[in-house]
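Below: query-v8.txt (compact mmCIF, C-alpha atoms)
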# COMPACT_ATOMS: atom_id res chain seq x y z
CA MET A 116 9.99 -51.49 -34.84
CA ASP A 117 13.39 -50.43 -33.47
CA PRO A 118 15.74 -52.78 -31.61
CA VAL A 119 14.88 -51.19 -28.23
CA SER A 120 11.18 -51.84 -28.75
CA ARG A 121 11.96 -55.38 -29.74
CA SER A 122 14.11 -55.97 -26.67
CA PHE A 123 11.24 -57.42 -24.63
CA VAL A 124 10.17 -59.78 -27.41
CA LYS A 125 11.81 -63.20 -27.37
CA ARG A 126 12.68 -64.80 -30.68
CA ARG A 127 12.21 -68.50 -31.13
CA SER A 128 11.73 -70.73 -34.13
CA TRP A 129 9.17 -70.43 -36.90
CA ALA A 130 5.34 -70.98 -36.83
CA ILE A 131 2.93 -70.24 -39.65
CA GLY A 132 0.77 -68.20 -37.30
CA ALA A 133 -1.42 -71.06 -36.19
CA CYS A 134 -1.58 -69.85 -32.65
CA PHE A 135 -2.65 -66.35 -33.67
CA VAL A 136 -5.29 -67.54 -36.04
CA LEU A 137 -6.77 -69.75 -33.37
CA LEU A 138 -6.44 -67.07 -30.75
CA LEU A 139 -8.33 -64.75 -33.03
CA LEU A 140 -11.09 -67.28 -33.53
CA PHE A 141 -11.28 -68.06 -29.83
CA VAL A 142 -11.34 -64.46 -28.71
CA SER A 143 -13.85 -63.37 -31.31
CA GLU A 144 -16.19 -66.28 -30.76
CA GLU A 145 -16.34 -65.47 -27.07
CA SER A 146 -17.62 -62.01 -27.53
CA PRO A 147 -21.36 -61.73 -27.86
CA GLY A 148 -21.70 -59.60 -24.74
CA ALA A 149 -21.24 -55.91 -23.73
CA PRO A 150 -17.43 -55.87 -24.12
CA ILE A 151 -16.26 -55.84 -27.70
CA THR A 152 -13.71 -58.65 -27.49
CA PHE A 153 -15.25 -61.06 -24.98
CA ASN A 154 -18.35 -62.09 -23.06
CA THR A 155 -20.47 -60.35 -20.39
CA ALA A 156 -22.64 -61.49 -17.49
CA LEU A 157 -25.46 -59.01 -18.29
CA PRO A 158 -28.84 -60.72 -18.61
CA VAL A 159 -30.69 -61.92 -21.66
CA ALA A 160 -34.33 -61.72 -20.62
CA GLU A 161 -36.44 -64.85 -20.75
CA ASP A 162 -37.55 -65.51 -24.33
CA GLU A 163 -35.45 -62.63 -25.62
CA PHE A 164 -33.13 -62.96 -28.62
CA ILE A 165 -29.97 -61.04 -29.28
CA PHE A 166 -28.28 -61.08 -32.68
CA ARG A 167 -24.76 -59.87 -33.16
CA GLU A 168 -22.61 -59.49 -36.24
CA GLN A 169 -18.94 -58.69 -35.88
CA PHE A 170 -16.40 -58.14 -38.64
CA VAL A 171 -12.79 -58.84 -37.78
CA PHE A 172 -9.65 -58.00 -39.73
CA ASP A 173 -6.42 -59.52 -38.46
CA ARG A 174 -3.12 -58.43 -39.90
CA SER A 175 0.21 -60.06 -39.17
CA GLY A 176 3.28 -58.98 -41.10
CA ASP A 177 6.08 -58.62 -38.57
CA ASP A 178 8.07 -61.75 -39.38
CA PRO A 179 11.28 -62.48 -37.48
CA SER A 180 11.95 -65.68 -39.44
CA GLY A 181 13.19 -63.99 -42.58
CA ALA A 182 10.54 -65.65 -44.73
CA ASN A 183 8.72 -62.34 -45.10
CA ARG A 184 5.42 -63.88 -44.09
CA ASP A 185 2.35 -61.75 -44.49
CA ARG A 186 -0.96 -62.99 -43.18
CA GLU A 187 -4.42 -61.48 -43.38
CA VAL A 188 -7.56 -63.00 -41.94
CA PHE A 189 -11.02 -61.55 -42.43
CA SER A 190 -13.85 -63.00 -40.37
CA ALA A 191 -17.56 -62.30 -40.20
CA LEU A 192 -19.01 -63.70 -36.99
CA SER A 193 -22.76 -64.21 -36.67
CA VAL A 194 -23.94 -64.74 -33.12
CA LEU A 195 -27.42 -65.55 -31.84
CA GLY A 196 -28.22 -65.53 -28.14
CA TYR A 197 -31.44 -66.69 -26.49
CA GLY A 198 -32.68 -66.30 -22.94
CA VAL A 199 -34.04 -69.67 -21.85
CA THR A 200 -34.60 -68.11 -18.44
CA SER A 201 -33.34 -64.85 -17.04
CA ASP A 202 -30.41 -66.80 -15.53
CA PHE A 203 -29.62 -69.19 -18.38
CA ALA A 204 -28.78 -68.11 -21.90
CA LEU A 205 -27.67 -70.10 -24.93
CA PHE A 206 -25.39 -68.76 -27.67
CA GLY A 207 -24.42 -69.97 -31.11
CA VAL A 208 -21.61 -68.54 -33.22
CA LEU A 209 -21.24 -69.11 -36.96
CA PRO A 210 -18.03 -67.72 -38.48
CA TYR A 211 -17.17 -67.02 -42.07
CA VAL A 212 -13.44 -66.78 -42.62
CA ASP A 213 -11.21 -65.65 -45.46
CA LYS A 214 -7.54 -66.39 -44.78
CA SER A 215 -4.50 -65.62 -46.88
CA LEU A 216 -0.81 -66.23 -46.25
CA GLU A 217 2.11 -65.09 -48.36
CA VAL A 218 5.58 -66.45 -47.72
CA THR A 219 8.89 -66.39 -49.51
CA SER A 220 10.27 -69.89 -49.88
CA MET A 221 13.35 -70.84 -51.86
CA GLY A 222 13.27 -67.50 -53.58
CA GLU A 223 9.69 -67.89 -54.66
CA ARG A 224 6.80 -65.86 -53.32
CA GLN A 225 3.99 -68.26 -52.43
CA SER A 226 0.41 -67.27 -51.76
CA ARG A 227 -2.00 -69.61 -50.06
CA ASP A 228 -5.58 -68.83 -49.16
CA THR A 229 -8.91 -70.31 -48.24
CA ASN A 230 -12.38 -69.11 -47.37
CA GLY A 231 -15.66 -70.49 -46.16
CA LEU A 232 -17.70 -71.23 -43.09
CA GLY A 233 -15.62 -72.06 -40.06
CA ASP A 234 -16.29 -74.12 -36.94
CA VAL A 235 -19.59 -73.45 -35.17
CA THR A 236 -19.43 -72.68 -31.47
CA LEU A 237 -22.25 -73.43 -29.04
CA PHE A 238 -22.22 -72.45 -25.38
CA GLY A 239 -24.40 -71.77 -22.41
CA ARG A 240 -24.05 -69.18 -19.68
CA TYR A 241 -25.67 -69.47 -16.25
CA THR A 242 -25.81 -66.65 -13.71
CA VAL A 243 -24.96 -67.92 -10.23
CA PHE A 244 -24.79 -64.61 -8.36
CA ILE A 245 -26.79 -61.39 -8.75
CA ASP A 246 -26.77 -58.25 -6.65
CA ASN A 247 -29.21 -55.64 -7.97
CA ILE A 248 -29.41 -52.20 -6.36
CA PRO A 249 -30.80 -48.93 -7.72
CA GLY A 250 -28.90 -48.04 -10.89
CA ARG A 251 -26.34 -50.84 -10.50
CA THR A 252 -25.89 -54.56 -10.91
CA PHE A 253 -23.17 -57.08 -10.14
CA ARG A 254 -23.27 -60.54 -11.63
CA ILE A 255 -21.16 -63.66 -11.91
CA ALA A 256 -21.84 -66.22 -14.62
CA PRO A 257 -19.89 -69.34 -15.53
CA PHE A 258 -20.10 -70.51 -19.11
CA ALA A 259 -19.20 -73.67 -21.02
CA GLY A 260 -19.47 -74.88 -24.56
CA VAL A 261 -17.89 -76.60 -27.48
CA GLU A 262 -16.47 -75.71 -30.85
CA LEU A 263 -17.67 -78.18 -33.47
CA PRO A 264 -15.76 -79.24 -36.60
CA THR A 265 -18.20 -77.84 -39.15
CA GLY A 266 -15.64 -75.95 -41.20
CA GLU A 267 -13.57 -77.48 -43.97
CA ASP A 268 -10.31 -78.86 -42.60
CA ASP A 269 -8.78 -80.54 -45.66
CA ALA A 270 -8.61 -77.77 -48.24
CA THR A 271 -5.79 -78.01 -50.77
CA ASP A 272 -4.09 -75.80 -53.35
CA ARG A 273 -1.37 -76.25 -55.95
CA PHE A 274 1.16 -76.76 -53.15
CA GLY A 275 -0.86 -79.54 -51.54
CA ARG A 276 -2.93 -79.66 -48.39
CA LEU A 277 -3.12 -76.32 -46.63
CA PRO A 278 -1.50 -76.13 -43.20
CA ALA A 279 -3.87 -76.63 -40.28
CA SER A 280 -3.39 -73.02 -39.28
CA ILE A 281 -5.07 -71.62 -42.38
CA GLN A 282 -7.80 -74.18 -42.84
CA ALA A 283 -11.31 -72.77 -42.35
CA GLY A 284 -12.02 -75.43 -39.72
CA SER A 285 -9.96 -77.38 -37.19
CA GLY A 286 -11.54 -80.79 -37.70
CA SER A 287 -11.67 -81.31 -33.95
CA VAL A 288 -14.24 -81.04 -31.18
CA ASP A 289 -12.88 -78.52 -28.71
CA PRO A 290 -14.59 -77.90 -25.37
CA PHE A 291 -14.11 -74.75 -23.34
CA ALA A 292 -15.28 -73.24 -20.08
CA GLY A 293 -14.86 -70.12 -18.04
CA VAL A 294 -16.49 -67.55 -15.81
CA VAL A 295 -17.35 -63.90 -16.39
CA ALA A 296 -18.16 -61.17 -13.85
CA THR A 297 -19.82 -57.84 -14.62
CA TYR A 298 -20.35 -54.71 -12.56
CA GLN A 299 -22.52 -52.16 -14.29
CA ALA A 300 -23.59 -48.70 -13.14
CA LEU A 301 -25.32 -45.93 -15.05
CA ASP A 302 -22.06 -44.24 -16.02
CA PHE A 303 -19.54 -47.08 -16.29
CA GLN A 304 -19.15 -50.83 -16.57
CA LEU A 305 -16.45 -53.34 -15.61
CA ASP A 306 -16.20 -56.86 -17.02
CA THR A 307 -13.65 -59.58 -16.42
CA SER A 308 -13.41 -63.14 -17.66
CA VAL A 309 -11.18 -66.18 -17.38
CA SER A 310 -11.50 -69.15 -19.69
CA TYR A 311 -9.79 -72.29 -20.91
CA LYS A 312 -10.15 -74.12 -24.19
CA ALA A 313 -8.96 -77.68 -24.66
CA ASN A 314 -8.11 -78.26 -28.30
CA THR A 315 -8.24 -81.89 -29.36
CA ARG A 316 -6.59 -83.86 -32.13
CA ALA A 317 -7.71 -84.08 -35.74
CA ASN A 318 -5.78 -85.14 -38.84
CA ASN A 319 -2.79 -86.07 -36.59
CA PHE A 320 -2.59 -82.45 -35.50
CA GLU A 321 -3.57 -80.80 -32.26
CA PHE A 322 -3.53 -77.08 -31.58
CA GLY A 323 -2.27 -76.07 -28.17
CA ASP A 324 -4.80 -75.42 -25.42
CA VAL A 325 -5.66 -71.77 -24.80
CA ALA A 326 -5.94 -70.00 -21.45
CA GLN A 327 -7.30 -66.48 -21.51
CA PHE A 328 -7.88 -63.60 -19.12
CA ASP A 329 -9.90 -60.60 -20.28
CA ALA A 330 -10.85 -57.29 -18.70
CA SER A 331 -12.88 -54.35 -19.90
CA ILE A 332 -13.84 -50.93 -18.67
CA GLN A 333 -16.50 -48.85 -20.38
CA TYR A 334 -17.17 -45.23 -19.45
CA ARG A 335 -20.16 -43.22 -20.60
CA LEU A 336 -18.88 -40.28 -22.62
CA TRP A 337 -22.29 -38.96 -23.62
CA PRO A 338 -24.69 -37.81 -22.34
CA SER A 339 -22.82 -36.36 -19.42
CA ALA A 340 -26.06 -36.08 -17.47
CA LEU A 341 -28.93 -38.48 -17.97
CA GLU A 342 -32.08 -37.15 -19.54
CA SER A 343 -35.56 -38.52 -19.12
CA GLY A 344 -36.63 -41.77 -20.72
CA VAL A 345 -34.07 -44.15 -22.20
CA PRO A 346 -31.41 -42.10 -24.00
CA GLY A 347 -28.66 -43.63 -26.10
CA PHE A 348 -25.25 -43.97 -24.43
CA LEU A 349 -21.88 -43.41 -26.07
CA TYR A 350 -19.21 -45.41 -24.25
CA GLY A 351 -15.46 -45.14 -24.45
CA VAL A 352 -14.04 -48.63 -24.08
CA LEU A 353 -10.66 -50.00 -23.06
CA GLU A 354 -10.14 -53.75 -22.99
CA GLY A 355 -7.23 -56.06 -22.30
CA ASN A 356 -6.77 -59.65 -23.45
CA LEU A 357 -4.02 -61.85 -21.98
CA ILE A 358 -3.84 -65.02 -24.02
CA HIS A 359 -1.56 -68.00 -23.55
CA GLN A 360 -1.49 -70.93 -25.92
CA ASN A 361 0.42 -74.16 -25.42
CA LYS A 362 2.54 -75.60 -28.19
CA ASN A 363 0.87 -77.40 -31.05
CA GLN A 364 1.42 -81.10 -31.58
CA SER A 365 1.94 -82.79 -34.92
CA ASN A 366 1.97 -86.57 -35.02
CA GLY A 367 2.43 -86.56 -31.26
CA ASN A 368 5.45 -84.26 -31.34
CA LYS A 369 5.34 -80.79 -29.83
CA ASP A 370 6.18 -78.00 -32.22
CA PRO A 371 8.75 -75.80 -30.48
CA ASN A 372 7.88 -73.00 -32.87
CA SER A 373 4.29 -72.59 -31.77
CA GLY A 374 2.37 -71.21 -28.84
CA GLY A 375 3.21 -68.35 -26.57
CA THR A 376 1.70 -65.47 -24.67
CA THR A 377 0.23 -62.27 -26.03
CA LEU A 378 -1.20 -59.24 -24.27
CA PHE A 379 -3.56 -57.04 -26.28
CA PHE A 380 -4.87 -53.62 -25.38
CA ALA A 381 -8.05 -52.73 -27.22
CA PRO A 382 -9.48 -49.20 -27.23
CA GLY A 383 -12.90 -48.73 -28.79
CA LEU A 384 -16.22 -46.92 -28.93
CA GLN A 385 -19.70 -48.26 -28.41
CA TYR A 386 -23.08 -46.60 -28.92
CA VAL A 387 -25.91 -48.29 -27.04
CA THR A 388 -29.66 -47.75 -27.49
CA LYS A 389 -32.66 -49.69 -26.27
CA ARG A 390 -32.84 -51.83 -29.41
CA TRP A 391 -29.38 -51.80 -31.00
CA ILE A 392 -25.67 -51.35 -30.41
CA ALA A 393 -22.94 -50.23 -32.80
CA GLU A 394 -19.31 -50.69 -31.82
CA GLY A 395 -15.77 -50.80 -33.01
CA GLY A 396 -12.28 -51.20 -31.65
CA VAL A 397 -8.74 -52.25 -32.42
CA GLN A 398 -6.64 -54.83 -30.56
CA ILE A 399 -3.01 -53.81 -30.34
CA PRO A 400 -0.43 -56.35 -29.16
CA VAL A 401 1.66 -54.66 -26.49
CA VAL A 402 3.51 -57.77 -25.37
CA GLN A 403 4.27 -60.83 -27.49
CA ASP A 404 6.24 -63.60 -25.84
CA LEU A 405 6.17 -66.26 -28.52
CA ASN A 406 7.88 -69.57 -29.05
CA GLY A 407 10.22 -69.72 -31.99
CA THR A 408 9.98 -67.31 -34.87
CA ALA A 409 6.21 -67.18 -34.66
CA LEU A 410 4.57 -64.58 -36.87
CA GLU A 411 3.75 -61.54 -34.80
CA GLU A 412 0.46 -59.71 -34.75
CA ASP A 413 0.29 -56.20 -36.14
CA TYR A 414 -3.26 -55.42 -35.10
CA ILE A 415 -6.82 -56.73 -35.10
CA VAL A 416 -9.69 -54.44 -36.07
CA ARG A 417 -13.23 -55.24 -34.95
CA PHE A 418 -16.50 -53.51 -35.71
CA GLY A 419 -20.09 -54.63 -35.66
CA PHE A 420 -23.60 -54.27 -34.37
CA ARG A 421 -26.16 -56.04 -32.19
CA PHE A 422 -29.90 -55.87 -31.86
CA ASN A 423 -32.49 -57.49 -29.64
CA PHE A 424 -35.91 -58.85 -30.47
CA MET P 77 -106.38 -35.13 -20.93
CA LYS P 78 -106.22 -36.72 -17.61
CA LEU P 79 -104.48 -40.09 -17.33
CA SER P 80 -105.90 -42.81 -15.26
CA LEU P 81 -104.04 -43.82 -12.15
CA ALA P 82 -103.14 -47.13 -13.68
CA LYS P 83 -101.70 -45.54 -16.76
CA SER P 84 -99.75 -43.02 -14.71
CA THR P 85 -98.31 -45.75 -12.57
CA PHE P 86 -97.38 -47.74 -15.63
CA ILE P 87 -95.65 -44.79 -17.24
CA ALA P 88 -93.81 -44.05 -14.01
CA LYS P 89 -92.58 -47.60 -13.83
CA ILE P 90 -91.39 -47.48 -17.41
CA LEU P 91 -89.58 -44.22 -16.74
CA GLY P 92 -88.07 -45.70 -13.61
CA VAL P 93 -86.78 -48.73 -15.44
CA VAL P 94 -85.35 -46.55 -18.16
CA PHE P 95 -83.72 -44.31 -15.59
CA LEU P 96 -82.19 -47.23 -13.72
CA ALA P 97 -80.96 -48.75 -16.96
CA LEU P 98 -79.31 -45.53 -17.93
CA PHE P 99 -77.81 -45.10 -14.50
CA PHE P 100 -76.28 -48.57 -14.22
CA GLY P 101 -75.29 -48.53 -17.85
CA ALA P 102 -73.38 -45.36 -17.23
CA VAL P 103 -71.69 -46.93 -14.22
CA VAL P 104 -70.69 -49.98 -16.23
CA VAL P 105 -69.48 -47.87 -19.09
CA SER P 106 -67.56 -45.66 -16.67
CA ALA P 107 -65.91 -48.63 -15.06
CA GLN P 108 -64.87 -50.03 -18.40
CA GLU P 109 -63.46 -46.68 -19.47
CA VAL P 110 -61.01 -46.34 -16.52
CA LYS P 111 -57.39 -47.28 -17.17
CA LEU P 112 -55.34 -48.09 -14.11
CA VAL P 113 -51.78 -46.81 -13.89
CA TYR P 114 -49.02 -48.33 -11.79
CA LYS P 115 -45.55 -47.16 -10.94
CA ILE P 116 -42.75 -49.57 -10.06
CA HIS P 117 -39.05 -49.20 -9.35
CA VAL P 118 -36.58 -51.73 -10.69
CA ASP P 119 -33.13 -52.41 -9.26
CA GLY P 120 -30.20 -53.46 -11.45
CA LEU P 121 -31.34 -51.55 -14.51
CA SER P 122 -28.37 -49.53 -15.72
CA CYS P 123 -28.09 -49.55 -19.49
CA PRO P 124 -30.43 -48.77 -22.40
CA PHE P 125 -30.07 -52.17 -24.11
CA CYS P 126 -31.23 -53.97 -20.98
CA THR P 127 -34.52 -52.03 -20.82
CA TYR P 128 -35.89 -53.87 -23.84
CA GLY P 129 -35.93 -57.11 -21.88
CA ILE P 130 -38.31 -55.58 -19.33
CA GLU P 131 -40.42 -54.06 -22.08
CA LYS P 132 -40.72 -57.42 -23.84
CA ARG P 133 -41.66 -59.28 -20.66
CA PHE P 134 -44.35 -56.77 -19.73
CA SER P 135 -45.76 -56.88 -23.25
CA LYS P 136 -46.84 -60.43 -22.45
CA VAL P 137 -48.85 -59.33 -19.39
CA LYS P 138 -52.55 -59.44 -20.21
CA GLY P 139 -53.96 -55.95 -20.42
CA MET P 140 -50.64 -54.12 -20.52
CA GLU P 141 -51.29 -51.15 -22.78
CA GLY P 142 -48.23 -48.96 -22.42
CA MET P 143 -45.14 -48.29 -20.36
CA ASP P 144 -42.65 -45.49 -19.85
CA ILE P 145 -39.20 -46.30 -18.53
CA GLU P 146 -37.07 -43.75 -16.70
CA LEU P 147 -33.59 -45.26 -16.83
CA LYS P 148 -32.10 -42.60 -14.56
CA THR P 149 -34.26 -43.56 -11.57
CA GLY P 150 -35.28 -47.10 -12.50
CA ALA P 151 -38.93 -46.01 -12.43
CA ILE P 152 -41.41 -47.59 -14.81
CA VAL P 153 -44.97 -46.33 -15.31
CA ILE P 154 -47.32 -48.99 -16.59
CA THR P 155 -50.74 -48.24 -18.04
CA MET P 156 -53.23 -51.08 -18.14
CA ALA P 157 -56.11 -51.37 -20.55
CA ALA P 158 -59.51 -50.44 -19.23
CA GLY P 159 -60.99 -53.23 -17.17
CA THR P 160 -57.68 -54.90 -16.36
CA THR P 161 -55.43 -54.71 -13.34
CA LEU P 162 -51.84 -55.51 -12.44
CA ASP P 163 -50.93 -57.17 -9.15
CA GLU P 164 -47.62 -56.94 -7.39
CA MET P 165 -46.85 -60.65 -7.72
CA THR P 166 -47.23 -60.50 -11.50
CA ALA P 167 -45.07 -57.39 -11.66
CA ARG P 168 -42.38 -59.03 -9.53
CA LYS P 169 -42.26 -62.21 -11.62
CA THR P 170 -42.19 -60.19 -14.84
CA VAL P 171 -39.28 -58.05 -13.66
CA GLU P 172 -37.38 -61.13 -12.46
CA ALA P 173 -37.95 -62.86 -15.80
CA ALA P 174 -36.11 -59.95 -17.37
CA GLY P 175 -33.20 -60.45 -14.97
CA PHE P 176 -33.86 -57.61 -12.51
CA THR P 177 -35.39 -57.01 -9.09
CA LEU P 178 -38.63 -55.27 -8.18
CA ARG P 179 -38.03 -52.69 -5.46
CA ASP P 180 -41.52 -51.27 -5.02
CA PHE P 181 -44.98 -51.30 -6.57
CA LYS P 182 -47.99 -49.02 -6.29
CA GLN P 183 -51.04 -47.91 -8.15
CA VAL P 184 -50.65 -44.22 -8.74
CA GLN P 185 -53.91 -43.07 -10.30
CA GLU P 186 -56.77 -43.95 -12.53
CA GLY P 187 -55.99 -43.12 -16.08
CA ALA P 188 -57.95 -40.80 -18.37
CA LYS P 189 -61.37 -42.01 -19.31
CA GLU P 190 -62.19 -42.84 -22.88
CA LYS P 191 -65.02 -40.86 -24.38
CA SER P 192 -68.07 -43.03 -24.92
CA GLY P 193 -68.93 -43.76 -28.48
CA GLU P 194 -65.36 -43.45 -29.60

Could I get this file's structure written as structure tokens?
Amino acid sequence: MDPVSRSFVKRRSWAIGACFVLLLLFVSEESPGAPITFNTALPVAEDEFIFREQFVFDRSGDDPSGANRDREVFSALSVLGYGVTSDFALFGVLPYVDKSLEVTSMGERQSRDTNGLGDVTLFGRYTVFIDNIPGRTFRIAPFAGVELPTGEDDATDRFGRLPASIQAGSGSVDPFAGVVATYQALDFQLDTSVSYKANTRANNFEFGDVAQFDASIQYRLWPSALESGVPGFLYGVLEGNLIHQNKNQSNGNKDPNSGGTTLFFAPGLQYVTKRWIAEGGVQIPVVQDLNGTALEEDYIVRFGFRFNF
Amino acid sequence: MKLSLAKSTFIAKILGVVFLALFFGAVVVSAQEVKLVYKIHVDGLSCPFCTYGIEKRFSKVKGMEGMDIELKTGAIVITMAAGTTLDEMTARKTVEAAGFTLRDFKQVQEGAKEKSGE
């Protein structure tokens, strides 16, 4: 990245990438719906199930601290949704994470890693407004839930206890809430969401709260004209994720080298049939306004599938 | 050989009973063989993945034998099993349970009759 491209990026002090890891988990766990990176207000029929599996690869290697940090996180997110009624749906997310961090410290290249099941997320979504017309629908649905400390949060290696940022779990109970709106027509779809997650303390450590604004547009690339029956749709997708995280706190003290604001653009493709969906996309950070010398994102790749039953 | 009047009357009665039995039996069989077909229009239906929800809800309607969804127009043709019917209230509740809105409902025709003995 040349100096001109870097000119809009502020440099602050160092963070192990805690905020990005958590942002990744938060964003990916909020995405069982039609957009690839976040939720939707489209209905889950009464007594219908939707299963989703999404694989996420997060690469961060642009390190302004000079420690030559290189972080890779692989996640497999299993999501199950259930329509209690046509207005109220419940979702559960079970992540598997594999995290690795390499850093040069005192001339020595250190490698730290962990893997295992992460923190389970449970949330409900209730549709409060519906406007159905021929070939179109507009819906608004608030949602709320909690991330539970089911993942291991005290893993150790030869260097001692792993930093909170690369533990599989947070150890804390973290509630969140938001609202999503969806406008869908036969040839395109718009989704937008705002949400807030309050991270709480565990092991004398507290990740910063996360506020997030997401938007998505999907346009039907194929077929250009609808045939009879229920044909499959190929969508071109463009999403945006604006994520702000407050500074972390350790032993009651704010870490000046954590938190910040990131804007992702995420192009993708999605093929939709009556019974299943296949999709993939890549989140590219176009703006990173971070505190300290926080490790910058390179990209996040997502691909997966969903099916109903 | 000439039959007595009593015997002739008896035979005629037997034939009459047999004829009536065959006639009403045919009517009953005919009624049971008819499959009613309905056509509804659903508002809010605009993606393939969402159509499964409607299909699953209607599969729970007693007598529902088959359905064809036309995503482009939101039209759904529902075929009921012989001897069963679908009322508009049931159709409306079923569509709403899938998360959509029933726009209209009508019976379009009687379906093809099954061949007896098959």

### Query
Taking only C-alpha atoms into account, what are the residues of chain A at most 9 Å from chain P, put as an MDAnalysis selection string?
chainID A and resid 157:163 200:202 245:253 299:302 341:348 387:392 422:424

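Among the candidate residues A:Phe170, A:Arg254, A:Gly284, A:Leu192, the one lying nearest to A:Asn230 is A:Gly284, with distances computed using only C-alpha atoms.
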
#### Entry: 7 Å contact set for A:Gln169, only C-alpha atoms, chain neighbours under 2 positions out, as a PyMOL selection string
chain A and resi 167+171+191-193+417-420

### Summary
re atom CA of A:Ala317 and atom CA of A:Pro290: distance 13.9 Å

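The space between atom CA of P:Val184 and atom CA of P:Met143 spans 13.5 Å.
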